[in-house]
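Reviewing the structure listed below.
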There are 2 protein chains.
Amino acid sequence: MSSLNEITHIDNIKLSEDGKKVIIIDQTKLPNITEYLTLESDKDLYDAILELKVRGAPAIGICAGYGIYILAQQIKAETYDDFYRKFAGYKNYLNSSRPTAVNLSWALNRMEGVVTANKEKSIGDILYLLGEECRAIHEEDIKMCKAISEYGLSLVKDGDGIFTHCNAGPLATSRYGTALGPLFLGKERGLSFKVFADETRPLLQGARLTSYELEKAGIDVTLICDNMASIVMKNGWIKVCFMGCDRIAANGDAANKIGTSGVAILAKYYGIPFYVFGPTSTIDLNCKTGEDIKIELRDPKEIKEKFYKDPMALKEVKCYNPAFDVTDHNLITGIVTEKGICCPPFEASIKALFLKDSRIV
Amino acid sequence: MSSLNEITHIDNIKLSEDGKKVIIIDQTKLPNITEYLTLESDKDLYDAILELKVRGAPAIGICAGYGIYILAQQIKAETYDDFYRKFAGYKNYLNSSRPTAVNLSWALNRMEGVVTANKEKSIGDILYLLGEECRAIHEEDIKMCKAISEYGLSLVKDGDGIFTHCNAGPLATSRYGTALGPLFLGKERGLSFKVFADETRPLLQGARLTSYELEKAGIDVTLICDNMASIVMKNGWIKVCFMGCDRIAANGDAANKIGTSGVAILAKYYGIPFYVFGPTSTIDLNCKTGEDIKIELRDPKEIKEKFYKDPMALKEVKCYNPAFDVTDHNLITGIVTEKGICCPPFEASIKALFLKDSRIV
C-alpha cells in the first residue's frame with residue numbers, strides 16, 4: 001500500500017470484531033505515537049469525545065453511532081419502554097460531551113430514530129437494526145467524503161497554493177476527508193498542490209494532524225503559525241482557502257474551529273476565494289443564523305499549559321478559550337457538500353440542496 | 001513599592017556598577033523564572049539579541065548602546081584609526097544579529113557618530129563620551145515612553161476594551177513601554193481597562209510577557225490564542241488596538257511582530273481603530289514603503305519544538321517562520337510617537353514630525 005493509500009485508509013474509528021467495542025486512534029497522541037484505544041463504557045466514549053481523542057465533526061458522528069450501538073447492547077431491559085428509557089439516557093449523556101458540532105446529535109438522533117421506528121420489534125431485532133444503522137452512517141460518510149472531494153477538486157488546478165486551518169482530513173472523517181479531500185484525490189490523479197497548514201492553537205490539530213497526514217501522503221505542505229496567514233496571503237502564495245465546518249446555519253453562517261472567521265476575513269481582504277466543506281448532515285436548518293449556534297468554551301489550561309514543559313503564563317492570568325467561531329456567510333465563496341457546491345445566496349442554495357435525492361451514487 | 005511600580009521600574013537592561021558589563025533580565029525564562037544575565041563579550045551580546053533574551057525594538061536599541069560601549073572599553077588600540085576599525089567591527093557584528101528592528105542600527109549608528117565626531121580626542125575621552133551617549137539613549141527612552149504613553153492615553157477612556165499583540169511594555173522598552181504604556185499610566189491615574197492579549201506564537205511574548213506585566217500590575221487582562229482575535233472583536237469587546245512596531249517606512253507602512261497585519265485587517269473589518277506605537281527612532285525614512293523592510297526568517301524549531309515536551313509536527317514537515325510582517329499604512333488609524341500622533345496621510349504627517357524639535361520636554 002502506498003503511503004497515500006495508508007493515510008486515506010487509516011482506521012481512525014471502527015467496531016471491534018465482536019461488535020461490542022469501539023476502537024479509535026487516539027488523536028491527542030499524534031504525531032508522535034499512533035495508539036489505538038478501545039472504548040467500552042459510556043464514560044470511555046464521553047471522555048474520548050470531550051478530550052478530542054476522536055475529533056472532527058464527521059468522525060464524532062461516526063464514533064457516536066458506533067458508541068450508542070455498543071451501549072445499547074449493554075442495556076438490561078425486559079420491555080421496550082425500559083430499553084428506550086435507558087437508550088435515551090445514554091444518548092443524552094453522549095450528546096452533552098460537545099455542543100457545537102451538529103454531527104454528534106445528528107448521528108445520535110438517527111440511531112434513536114431506529115429505536116422509535118421499531119418499537120413493535122424485539123429488543124434483539126432493534127439491536128440488529130442499530131448495528132446496521134451505525135455501519136451505514138460510516139459507509140455513507142466514506143461515499144460522502146469521496147463526493148465532496150470530487151466537487152472540491154473542481155475548484156483547483158495543478159500547482160495551486162491552498163490554505164487550510166485545523167484538520168478536515170482522513171482522521172476527522174472517513175477516507176479522503178472533507179476540506180483536505182481534494183488534495184488527496186488530486187494527488188492520486190497526479191496533481192501537485194502547495195498546501196499551507198496553520199498549526200491551529202491551542203490544540204494544534206493543524207500541526208499534529210494536518211501536516212502529518214499531508215506529509216505522510218507525499219503532498220507538499222508548509223506549516224505556519226496561525227498569525228502567519230496574512231503574510232502568506234500577501235506573499236501571493238494562496239489561490240484558495242479550504243476549510244471544514246462543524247455546523248452550518250440555514251443562512252450559510254458556518255461554525256468551525258476557532259480562527260476560521262479570521263482566515264475568512266483575511267481571504268476577503270486579499271481577494272482569495274474561501275470555501276467551507278461539510279456534508280449536508282452538518283447543515284442545521286434549526287439554526288436560522290450563526291447567532292443560534294452554541295460555542296463551546298474550554299479549559300484555560302489548554303492555552304497556558306497543555307503540551308508545554310512549563311506553564312506559559314502566570315497561574316492567575318485568566319483566559320478566554322472558545323473552541324469555535326462562526327464565519328459570516330458574506331465571507332464564504334461556497335459551501336462544498338456531497339450533493340454539490342452551494343453558492344450565495346445561501347438561504348436559497350441550501351434549501352435547494354435538500355430537495356435533491358438524499359442518496360449519493 | 002506597589003506592584004504597578006515594580007513593573008514600570010523593572011530593571012530589564014542596565015550597566016553594571018563598574019560600567020564594564022551589561023545586565024539584562026533573560027526574557028526567554030519569563031514568566032516562570034526571573035533570571036539576570038551578565039553580558040561581557042561580543043558573542044554574549046549577539047546571542048542575547050538573536051535568542052530574544054533581550055527583545056522589543058527600543059530595548060534592543062538600549063542594549064546595543066550599552067553593549068557597544070562595554071566592547072569599546074575592551075578594545076586595545078594605540079591609534080584612533082585602529083580603535084575605530086575595531087569599533088566598526090563590533091558594530092557590524094552586533095548589527096547583524098537581527099535585521100528588522102531599526103532601533104538596533106539606530107543606536108549603533110548613534111554610538112558610532114560619537115566616535116567619528118571626536119576623532120581628535122583621546123581614546124579615553126571617546127570612551128567617556130560613549131558612556132554618556134549610551135546612558136543618554138536609555139534616559140531618552142524613558143522620557144520617550146512616558147510621552148508616548150500620554151499621547152496613547154488620550155485615545156482611550158475608562159473601561160475600554162483594548163487589544164494588544166506581542167509585547168510592547170516595560171520589558172521591551174524602558175519603564176512604561178510604548179503600546180502598553182497608556183495602560184500602566186492609566187492604571188496609575190485610577191482608570192480601568194479590559195485588555196485582551198494574544199499569546200503571539202511562536203515565541204509567546206503575549207502569554208509570557210504581556211499577560212505577566214499586566215497581571216502583576218493589577219490590570220485586567222485576558223489571554224487568548226492568536227486565532228481568537230476575530231471572535232473577541234465580533235463579541236464587541238474591543239474598542240481599540242494598540243500595537244508596537246519595529247520599523248516604520250516613510251509612507252507609514254509598519255513592520256511589527258508577525259501577526260500584526262492580520263489583526264489590522266480584522267480591526268478594519270470590524271471598524272475598530274488600530275494604532276501603532278513607536279518612538280521616532282523607529283521611523284526609517286530610508287525605507288520608502290514596507291517593501292523595503294527586510295523580514296527576518298527564523299528557525300522552524302521555534303514552531304515545532306520550542307517550549308514543548310514533545311515535537312508537535314513530524315521532523316520532515318517544513319515550516320515558514322517569519323518573525324515580522326508589514327502592516328499596510330491604509331490599515332493604520334494613527335502612529336503614536338513621543339512627539340505626537342501621526343494621522344493619514346502618513347507621508348506628510350511623518351515628515352512634519354521630523355520638523356519638530358527633537359527634544360522631549
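Chain labels A, B, ... are given in the sequence in which chains occur in the C-alpha cells; within each chain residues are numbered consecutively from 1, and ligands are likewise numbered from 1 in the order shown.
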(message) Among stretch 231-319 of chain B, which residues does DSSP mark as strand (DSSP E) when it is run on the backbone? Keep the chain and numbering as in the structure and answer as a PyMOL selection string.
(response) chain B and resi 240-243+247-249+254-257+274-277+283-284+318-319
Produce a file of the selected residues containing all heavy atoms, as a compact mmCIF listing (two decimals), in the first residue's frame.
# COMPACT_ATOMS: atom_id res chain seq x y z
N VAL B 240 -10.36 49.41 20.78
CA VAL B 240 -9.19 49.92 20.08
C VAL B 240 -8.06 48.88 20.14
O VAL B 240 -7.99 48.08 21.08
CB VAL B 240 -8.75 51.27 20.72
CG1 VAL B 240 -8.21 51.05 22.13
CG2 VAL B 240 -7.74 52.02 19.88
N CYS B 241 -7.20 48.88 19.10
CA CYS B 241 -6.00 48.02 19.10
C CYS B 241 -4.76 48.89 19.30
O CYS B 241 -4.60 49.90 18.61
CB CYS B 241 -5.86 47.28 17.77
SG CYS B 241 -7.22 46.17 17.41
N PHE B 242 -3.90 48.47 20.21
CA PHE B 242 -2.64 49.17 20.49
C PHE B 242 -1.49 48.20 20.21
O PHE B 242 -1.36 47.18 20.90
CB PHE B 242 -2.57 49.60 21.96
CG PHE B 242 -3.33 50.88 22.28
CD1 PHE B 242 -4.04 51.58 21.31
CD2 PHE B 242 -3.30 51.40 23.58
CE1 PHE B 242 -4.73 52.75 21.62
CE2 PHE B 242 -3.98 52.58 23.90
CZ PHE B 242 -4.69 53.25 22.92
N MET B 243 -0.65 48.52 19.23
CA MET B 243 0.43 47.63 18.84
C MET B 243 1.76 48.36 18.84
O MET B 243 1.81 49.55 18.53
CB MET B 243 0.19 47.10 17.42
CG MET B 243 -1.23 46.76 17.10
SD MET B 243 -1.85 45.33 18.00
CE MET B 243 -1.55 44.05 16.80
N ARG B 247 9.84 48.82 12.77
CA ARG B 247 10.37 49.74 11.76
C ARG B 247 9.18 50.32 11.01
O ARG B 247 8.28 49.59 10.60
CB ARG B 247 11.32 49.01 10.79
CG ARG B 247 12.14 49.94 9.90
CD ARG B 247 13.04 49.18 8.93
NE ARG B 247 14.13 48.44 9.54
CZ ARG B 247 15.43 48.65 9.33
NH1 ARG B 247 15.80 49.63 8.51
NH2 ARG B 247 16.35 47.90 9.89
N ILE B 248 9.19 51.64 10.83
CA ILE B 248 8.10 52.30 10.10
C ILE B 248 8.69 52.96 8.86
O ILE B 248 9.69 53.68 8.96
CB ILE B 248 7.42 53.36 10.98
CG1 ILE B 248 6.78 52.69 12.21
CG2 ILE B 248 6.35 54.13 10.20
CD1 ILE B 248 6.19 53.67 13.21
N ALA B 249 8.10 52.68 7.71
CA ALA B 249 8.58 53.27 6.46
C ALA B 249 8.02 54.69 6.32
O ALA B 249 7.09 55.09 7.04
CB ALA B 249 8.15 52.41 5.28
N ALA B 254 4.13 49.68 8.48
CA ALA B 254 4.80 49.41 9.76
C ALA B 254 5.12 47.92 9.91
O ALA B 254 4.22 47.08 9.87
CB ALA B 254 3.94 49.87 10.92
N ALA B 255 6.40 47.62 10.11
CA ALA B 255 6.79 46.24 10.43
C ALA B 255 6.65 46.05 11.93
O ALA B 255 7.08 46.89 12.72
CB ALA B 255 8.23 45.98 9.99
N ASN B 256 6.03 44.96 12.31
CA ASN B 256 5.93 44.60 13.72
C ASN B 256 5.85 43.08 13.79
O ASN B 256 5.82 42.39 12.76
CB ASN B 256 4.69 45.27 14.36
CG ASN B 256 4.65 45.10 15.88
OD1 ASN B 256 5.68 45.22 16.54
ND2 ASN B 256 3.49 44.78 16.40
N LYS B 257 5.80 42.56 14.98
CA LYS B 257 5.75 41.12 15.22
C LYS B 257 4.77 40.43 14.26
O LYS B 257 3.68 40.94 14.01
CB LYS B 257 5.33 40.89 16.67
CG LYS B 257 5.20 39.44 17.12
CD LYS B 257 6.42 38.59 16.83
CE LYS B 257 7.69 39.17 17.37
NZ LYS B 257 8.90 38.57 16.77
N PHE B 274 -7.05 51.23 14.92
CA PHE B 274 -5.82 50.44 15.04
C PHE B 274 -4.62 51.39 15.11
O PHE B 274 -4.30 52.06 14.13
CB PHE B 274 -5.72 49.51 13.81
CG PHE B 274 -4.53 48.60 13.82
CD1 PHE B 274 -4.63 47.31 14.33
CD2 PHE B 274 -3.30 49.02 13.31
CE1 PHE B 274 -3.54 46.46 14.34
CE2 PHE B 274 -2.20 48.17 13.32
CZ PHE B 274 -2.32 46.89 13.83
N TYR B 275 -3.98 51.44 16.26
CA TYR B 275 -2.85 52.36 16.46
C TYR B 275 -1.53 51.60 16.61
O TYR B 275 -1.48 50.57 17.28
CB TYR B 275 -3.07 53.23 17.70
CG TYR B 275 -4.17 54.24 17.52
CD1 TYR B 275 -5.46 53.97 17.94
CD2 TYR B 275 -3.91 55.46 16.90
CE1 TYR B 275 -6.49 54.89 17.76
CE2 TYR B 275 -4.92 56.39 16.72
CZ TYR B 275 -6.20 56.10 17.14
OH TYR B 275 -7.21 57.01 16.95
N VAL B 276 -0.51 52.16 15.98
CA VAL B 276 0.85 51.64 16.09
C VAL B 276 1.64 52.60 16.97
O VAL B 276 1.56 53.81 16.77
CB VAL B 276 1.46 51.53 14.68
CG1 VAL B 276 2.95 51.32 14.75
CG2 VAL B 276 0.78 50.42 13.90
N PHE B 277 2.38 52.05 17.92
CA PHE B 277 3.14 52.86 18.87
C PHE B 277 4.64 52.67 18.63
O PHE B 277 5.12 51.54 18.66
CB PHE B 277 2.85 52.45 20.31
CG PHE B 277 1.51 52.89 20.83
CD1 PHE B 277 0.34 52.44 20.25
CD2 PHE B 277 1.42 53.76 21.91
CE1 PHE B 277 -0.91 52.85 20.73
CE2 PHE B 277 0.19 54.16 22.41
CZ PHE B 277 -0.97 53.72 21.81
N ILE B 283 11.14 55.13 13.04
CA ILE B 283 10.80 55.54 11.67
C ILE B 283 12.07 55.55 10.84
O ILE B 283 13.07 56.16 11.22
CB ILE B 283 10.14 56.94 11.67
CG1 ILE B 283 8.83 56.88 12.49
CG2 ILE B 283 9.89 57.41 10.24
CD1 ILE B 283 8.21 58.24 12.75
N ASP B 284 12.05 54.86 9.73
CA ASP B 284 13.22 54.75 8.87
C ASP B 284 12.90 55.39 7.52
O ASP B 284 12.30 54.76 6.65
CB ASP B 284 13.60 53.27 8.70
CG ASP B 284 14.84 53.09 7.86
OD1 ASP B 284 15.41 54.11 7.41
OD2 ASP B 284 15.24 51.93 7.64
N LYS B 318 8.11 20.87 6.66
CA LYS B 318 8.82 22.15 6.59
C LYS B 318 7.94 23.27 7.14
O LYS B 318 6.71 23.17 7.16
CB LYS B 318 9.29 22.45 5.17
CG LYS B 318 8.23 22.56 4.11
CD LYS B 318 8.90 22.95 2.77
CE LYS B 318 7.86 23.17 1.68
NZ LYS B 318 7.35 21.95 1.07
N CYS B 319 8.59 24.33 7.60
CA CYS B 319 7.89 25.47 8.19
C CYS B 319 8.33 26.75 7.52
O CYS B 319 9.44 26.85 7.00
CB CYS B 319 8.21 25.61 9.68
SG CYS B 319 7.59 24.27 10.70
Which residues of chain A have any atom within 8 Å of an atom in chain B when counting only C-alpha atoms, and what is the closest pair of atoms for each, with the distance in Å to one decimal? Order the rows by chain and rising number and write it as CSV.
residue,atom,partner,partner_atom,distance
A:Pro31,CA,B:Ala313,CA,6.2
A:Asn32,CA,B:Pro311,CA,7.4
A:Thr200,CA,B:Asn227,CA,7.6
A:Arg201,CA,B:Cys225,CA,6.4
A:Pro202,CA,B:Cys225,CA,6.7
A:Leu204,CA,B:Met312,CA,7.5
A:Ala207,CA,B:Ala313,CA,5.3
A:Arg208,CA,B:Ala313,CA,5.2
A:Ser211,CA,B:Val317,CA,6.8
A:Tyr212,CA,B:Leu314,CA,6.4
A:Glu215,CA,B:Val317,CA,6.5
A:Val221,CA,B:Val317,CA,7.0
A:Thr222,CA,B:Cys319,CA,5.1
A:Leu223,CA,B:Cys319,CA,4.6
A:Ile224,CA,B:Tyr320,CA,5.7
A:Cys225,CA,B:Arg201,CA,6.4
A:Asp226,CA,B:Asn227,CA,6.1
A:Asn227,CA,B:Gly259,CA,4.3
A:Met228,CA,B:Gly259,CA,5.8
A:Ala229,CA,B:Gly262,CA,7.4
A:Ser230,CA,B:Gly262,CA,5.2
A:Ile231,CA,B:Asp325,CA,6.4
A:Ile258,CA,B:Met228,CA,6.4
A:Gly259,CA,B:Asn227,CA,4.3
A:Thr260,CA,B:Asn227,CA,7.9
A:Ser261,CA,B:Ser230,CA,6.6
A:Gly262,CA,B:Ser230,CA,5.2
A:Ile265,CA,B:Leu266,CA,6.6
A:Leu266,CA,B:Ile265,CA,6.6
A:Tyr269,CA,B:Ile265,CA,7.3
A:Ile303,CA,B:Cys225,CA,7.1
A:Lys304,CA,B:Ala207,CA,7.9
A:Phe307,CA,B:Tyr308,CA,5.5
A:Tyr308,CA,B:Tyr308,CA,4.3
A:Lys309,CA,B:Lys309,CA,5.1
A:Asp310,CA,B:Phe307,CA,7.4
A:Pro311,CA,B:Asn32,CA,7.4
A:Met312,CA,B:Arg208,CA,5.4
A:Ala313,CA,B:Arg208,CA,5.2
A:Leu314,CA,B:Tyr212,CA,6.4
A:Glu316,CA,B:Glu215,CA,7.7
A:Val317,CA,B:Glu215,CA,6.4
A:Lys318,CA,B:Thr222,CA,5.2
A:Cys319,CA,B:Leu223,CA,4.6
A:Tyr320,CA,B:Ile224,CA,5.7
A:Asn321,CA,B:Ile224,CA,6.6
A:Pro322,CA,B:Met228,CA,7.8
A:Asp325,CA,B:Ile231,CA,6.4
(request) Using only C-alpha atoms, pick whichever of A:Leu297, A:Ile162, A:Ala117, A:Ile13 has the shortest atom-to-atom distance to A:Gly56. (result)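 For A:Gly56, the nearest of the given residues is A:Ile13.
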(message) Nearest residue to B:Ala77 out of B:Pro58, B:Gly124, B:Pro279, B:Gly65, using only C-alpha atoms?
(response) B:Gly124
(request) Tell me, in Å to one decimal, how far atom CA of B:Pro345 is from atom CA of B:Leu331. (result)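 That distance, rounded to one decimal, is 11.8 Å.
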Neighbours of B:Leu129 within 10 Å (only C-alpha atoms; same-chain residues fewer than 3 positions away dropped), as a short mmCIF file (atom, residue, chain, number, x, y, z; two decimals) with C-alpha atoms, in the first residue's frame?
data_model
loop_
_atom_site.label_atom_id
_atom_site.label_comp_id
_atom_site.auth_asym_id
_atom_site.auth_seq_id
_atom_site.Cartn_x
_atom_site.Cartn_y
_atom_site.Cartn_z
CA TYR B 69 30.13 50.79 24.97
CA MET B 111 27.24 55.49 19.13
CA VAL B 114 30.24 59.85 18.84
CA VAL B 115 33.44 58.11 17.77
CA ASN B 118 35.55 63.08 18.22
CA ILE B 123 40.60 57.26 23.15
CA GLY B 124 39.98 57.74 26.86
CA ASP B 125 37.89 60.81 26.16
CA ILE B 126 35.98 58.99 23.42
CA GLU B 132 27.49 59.39 28.29
CA GLU B 133 25.81 58.59 24.98
CA CYS B 134 24.53 55.12 25.85
CA ARG B 135 23.19 56.40 29.15
#
(message) List as a VMD selection string the protein and nucleic acid residues near B:Lys14, meaning an atom at most 12 Å away when only C-alpha atoms are counted, but skip any in the same chain fewer than 4 places from it.
(response) chain B and resid 9 to 10 18 to 25 36 to 39 54 59 62 to 67 70 134 to 135 137 to 139 173 to 174
How would the residues just chosen look if you wrote them out with N, CA, C and O atoms as a tab-separated table (two decimals), in the first residue's frame?
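Saved to result06.tsv:
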chain	number	residue	atom	x	y	z
B	9	HIS	N	9.11	49.93	36.79
B	9	HIS	CA	10.51	50.25	37.11
B	9	HIS	C	11.38	49.00	37.06
B	9	HIS	O	12.42	48.94	37.69
B	10	ILE	N	10.94	48.04	36.32
B	10	ILE	CA	11.69	46.79	36.21
B	10	ILE	C	13.05	47.08	35.56
B	10	ILE	O	13.15	47.85	34.62
B	18	ASP	N	30.46	48.88	37.67
B	18	ASP	CA	31.77	49.28	37.15
B	18	ASP	C	31.71	49.71	35.68
B	18	ASP	O	32.72	50.07	35.09
B	19	GLY	N	30.50	49.64	35.09
B	19	GLY	CA	30.32	50.11	33.71
B	19	GLY	C	30.97	49.21	32.67
B	19	GLY	O	31.15	49.62	31.52
B	20	LYS	N	31.31	47.98	33.04
B	20	LYS	CA	32.03	47.12	32.11
B	20	LYS	C	31.22	45.92	31.64
B	20	LYS	O	31.69	45.09	30.86
B	21	LYS	N	29.99	45.79	32.12
B	21	LYS	CA	29.14	44.66	31.75
B	21	LYS	C	27.70	45.16	31.56
B	21	LYS	O	27.32	46.18	32.13
B	22	VAL	N	26.95	44.42	30.75
B	22	VAL	CA	25.53	44.74	30.59
B	22	VAL	C	24.74	43.66	31.32
B	22	VAL	O	25.01	42.47	31.15
B	23	ILE	N	23.79	44.08	32.13
B	23	ILE	CA	22.98	43.12	32.89
B	23	ILE	C	21.54	43.20	32.39
B	23	ILE	O	20.96	44.28	32.32
B	24	ILE	N	21.01	42.06	31.98
B	24	ILE	CA	19.63	42.04	31.46
B	24	ILE	C	18.82	40.97	32.18
B	24	ILE	O	19.37	40.01	32.74
B	25	ILE	N	17.50	41.15	32.16
B	25	ILE	CA	16.60	40.05	32.53
B	25	ILE	C	16.53	39.12	31.33
B	25	ILE	O	16.34	39.59	30.20
B	36	TYR	N	18.68	37.13	35.97
B	36	TYR	CA	19.51	38.19	35.39
B	36	TYR	C	20.74	37.59	34.73
B	36	TYR	O	21.35	36.66	35.28
B	37	LEU	N	21.06	38.09	33.56
B	37	LEU	CA	22.23	37.62	32.83
B	37	LEU	C	23.25	38.74	32.76
B	37	LEU	O	22.89	39.90	32.54
B	38	THR	N	24.51	38.38	32.88
B	38	THR	CA	25.58	39.36	32.72
B	38	THR	C	26.26	39.12	31.38
B	38	THR	O	26.73	38.02	31.10
B	39	LEU	N	26.24	40.16	30.54
B	39	LEU	CA	26.82	40.05	29.19
B	39	LEU	C	28.14	40.79	29.18
B	39	LEU	O	28.21	41.96	29.55
B	54	VAL	N	17.01	39.46	25.22
B	54	VAL	CA	16.55	40.85	25.26
B	54	VAL	C	15.82	41.08	23.94
B	54	VAL	O	16.28	40.67	22.88
B	59	ALA	N	14.17	48.24	23.50
B	59	ALA	CA	15.09	47.56	24.42
B	59	ALA	C	16.34	47.07	23.69
B	59	ALA	O	17.45	47.12	24.22
B	62	ILE	N	18.63	50.04	23.35
B	62	ILE	CA	19.32	50.37	24.61
B	62	ILE	C	20.44	49.37	24.88
B	62	ILE	O	21.57	49.73	25.21
B	63	CYS	N	20.12	48.10	24.70
B	63	CYS	CA	21.12	47.05	24.94
B	63	CYS	C	22.30	47.19	23.98
B	63	CYS	O	23.45	47.02	24.38
B	64	ALA	N	22.02	47.53	22.74
B	64	ALA	CA	23.10	47.69	21.75
B	64	ALA	C	23.98	48.88	22.12
B	64	ALA	O	25.21	48.82	21.97
B	65	GLY	N	23.37	49.96	22.62
B	65	GLY	CA	24.14	51.13	23.05
B	65	GLY	C	25.09	50.77	24.18
B	65	GLY	O	26.31	51.00	24.11
B	66	TYR	N	24.54	50.17	25.24
B	66	TYR	CA	25.39	49.72	26.35
B	66	TYR	C	26.41	48.68	25.86
B	66	TYR	O	27.57	48.68	26.28
B	67	GLY	N	25.96	47.81	24.98
B	67	GLY	CA	26.82	46.72	24.51
B	67	GLY	C	28.04	47.22	23.77
B	67	GLY	O	29.17	46.80	24.07
B	70	ILE	N	30.52	48.75	26.24
B	70	ILE	CA	31.41	47.86	27.01
B	70	ILE	C	32.45	47.20	26.09
B	70	ILE	O	33.59	46.96	26.49
B	134	CYS	N	25.42	56.28	25.66
B	134	CYS	CA	24.53	55.12	25.85
B	134	CYS	C	23.60	55.35	27.03
B	134	CYS	O	22.44	54.94	27.00
B	135	ARG	N	24.09	56.06	28.04
B	135	ARG	CA	23.19	56.40	29.15
B	135	ARG	C	22.11	57.37	28.68
B	135	ARG	O	20.96	57.30	29.10
B	137	ILE	N	20.87	57.49	25.64
B	137	ILE	CA	19.89	56.71	24.85
B	137	ILE	C	18.85	56.11	25.80
B	137	ILE	O	17.66	56.15	25.54
B	138	HIS	N	19.33	55.57	26.90
B	138	HIS	CA	18.43	54.94	27.86
B	138	HIS	C	17.51	56.00	28.52
B	138	HIS	O	16.30	55.82	28.60
B	139	GLU	N	18.11	57.10	28.95
B	139	GLU	CA	17.33	58.17	29.60
B	139	GLU	C	16.26	58.72	28.66
B	139	GLU	O	15.12	58.97	29.04
B	173	THR	N	11.04	47.91	26.53
B	173	THR	CA	11.42	49.32	26.40
B	173	THR	C	12.06	49.78	27.72
B	173	THR	O	12.87	49.07	28.28
B	174	SER	N	11.65	50.96	28.17
B	174	SER	CA	12.04	51.44	29.49
B	174	SER	C	10.80	51.96	30.19
B	174	SER	O	10.04	52.72	29.61
Using DSSP on the backbone coordinates, identify the residues of stretch 214-325 of chain A assigned to helix (DSSP H, G or I); present them as an mmCIF file with C-alpha atoms, in the first residue's frame.
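Output below, filename selection14.cif:
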data_model
loop_
_atom_site.group_PDB
_atom_site.id
_atom_site.type_symbol
_atom_site.label_atom_id
_atom_site.label_comp_id
_atom_site.auth_asym_id
_atom_site.auth_seq_id
_atom_site.Cartn_x
_atom_site.Cartn_y
_atom_site.Cartn_z
ATOM 1 C CA LEU A 214 -0.257 15.555 4.109
ATOM 2 C CA GLU A 215 3.434 14.877 4.690
ATOM 3 C CA LYS A 216 2.795 11.129 5.020
ATOM 4 C CA ASP A 226 -1.991 30.907 12.932
ATOM 5 C CA ASN A 227 -0.833 34.518 12.884
ATOM 6 C CA MET A 228 1.123 33.962 9.640
ATOM 7 C CA ALA A 229 -1.982 33.570 7.460
ATOM 8 C CA SER A 230 -1.911 37.236 6.493
ATOM 9 C CA ILE A 231 1.712 37.216 5.297
ATOM 10 C CA VAL A 232 1.395 34.040 3.204
ATOM 11 C CA MET A 233 -1.685 35.522 1.542
ATOM 12 C CA LYS A 234 0.100 38.831 0.983
ATOM 13 C CA THR A 260 -11.762 30.200 10.822
ATOM 14 C CA SER A 261 -13.623 33.510 10.744
ATOM 15 C CA GLY A 262 -10.330 35.383 10.968
ATOM 16 C CA VAL A 263 -8.919 33.498 7.979
ATOM 17 C CA ALA A 264 -12.137 34.254 6.061
ATOM 18 C CA ILE A 265 -11.771 37.990 6.734
ATOM 19 C CA LEU A 266 -8.131 37.912 5.588
ATOM 20 C CA ALA A 267 -9.114 35.975 2.452
ATOM 21 C CA LYS A 268 -11.781 38.577 1.660
ATOM 22 C CA TYR A 269 -9.253 41.374 2.141
ATOM 23 C CA TYR A 270 -6.732 39.716 -0.175
ATOM 24 C CA THR A 280 -25.278 18.031 4.387
ATOM 25 C CA SER A 281 -25.506 16.428 7.850
ATOM 26 C CA THR A 282 -23.535 19.456 9.040
ATOM 27 C CA GLY A 290 -24.873 31.714 13.311
ATOM 28 C CA GLU A 291 -26.296 33.534 16.338
ATOM 29 C CA ASP A 292 -28.179 30.329 17.153
ATOM 30 C CA LYS A 301 -5.182 25.049 30.718
ATOM 31 C CA GLU A 302 -5.315 24.211 27.006
ATOM 32 C CA ILE A 303 -3.853 27.669 26.339
ATOM 33 C CA LYS A 304 -1.472 28.035 29.263
#
(message) Residues within 12 Å of A:Thr116, please, as a PyMOL selection string. Count only C-alpha atoms; anything in the same chain fewer than 3 positions from it doesn't count.
(response) chain A and resi 80-81+83-85+87-88+109-113+119-121+123+126+129-130
Would you mind exporting C-alpha atoms of the selected residues as an mmCIF file, in the first residue's frame?
data_model
loop_
_atom_site.group_PDB
_atom_site.id
_atom_site.type_symbol
_atom_site.label_atom_id
_atom_site.label_comp_id
_atom_site.auth_asym_id
_atom_site.auth_seq_id
_atom_site.Cartn_x
_atom_site.Cartn_y
_atom_site.Cartn_z
ATOM 1 C CA TYR A 80 -39.275 -1.763 25.055
ATOM 2 C CA ASP A 81 -40.082 1.205 27.303
ATOM 3 C CA PHE A 83 -34.915 -0.246 26.856
ATOM 4 C CA TYR A 84 -35.818 3.061 25.268
ATOM 5 C CA ARG A 85 -35.545 4.972 28.557
ATOM 6 C CA PHE A 87 -31.121 4.199 25.438
ATOM 7 C CA ALA A 88 -32.278 7.832 25.680
ATOM 8 C CA ASN A 109 -30.887 11.223 16.566
ATOM 9 C CA ARG A 110 -30.592 8.926 13.585
ATOM 10 C CA MET A 111 -29.824 5.967 15.840
ATOM 11 C CA GLU A 112 -32.696 6.918 18.147
ATOM 12 C CA GLY A 113 -34.967 7.034 15.103
ATOM 13 C CA LYS A 119 -40.908 -0.313 18.882
ATOM 14 C CA GLU A 120 -43.041 -3.277 17.817
ATOM 15 C CA LYS A 121 -39.935 -5.384 17.208
ATOM 16 C CA ILE A 123 -35.030 -5.761 21.510
ATOM 17 C CA ILE A 126 -33.730 -3.460 17.330
ATOM 18 C CA LEU A 129 -31.013 -2.752 13.115
ATOM 19 C CA LEU A 130 -28.915 -0.368 15.233
#
(request) Could you tell me how far atom CA of A:Leu185 lies from atom CA of A:Ile60, in Å and to one decimal? (result) 22.8 Å
(message) Rounded to one decimal, what separation in Å do you get between atom CA of A:Gly252 and atom CA of A:His329?
(response)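 These atoms are spaced 4.9 Å apart.
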(message) Restricting the calculation to only C-alpha atoms: of A:Leu127, A:Ala217, A:Val336, A:Ile350, which residue gets closest to A:Leu155?
(response)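 Of the candidates, the smallest distance to A:Leu155 is held by A:Val336.
Using only C-alpha atoms, the shortest contact distance between A:Cys245 and any of A:Ala172, A:Cys287, A:Met144, A:Ile7 is found at A:Ala172.
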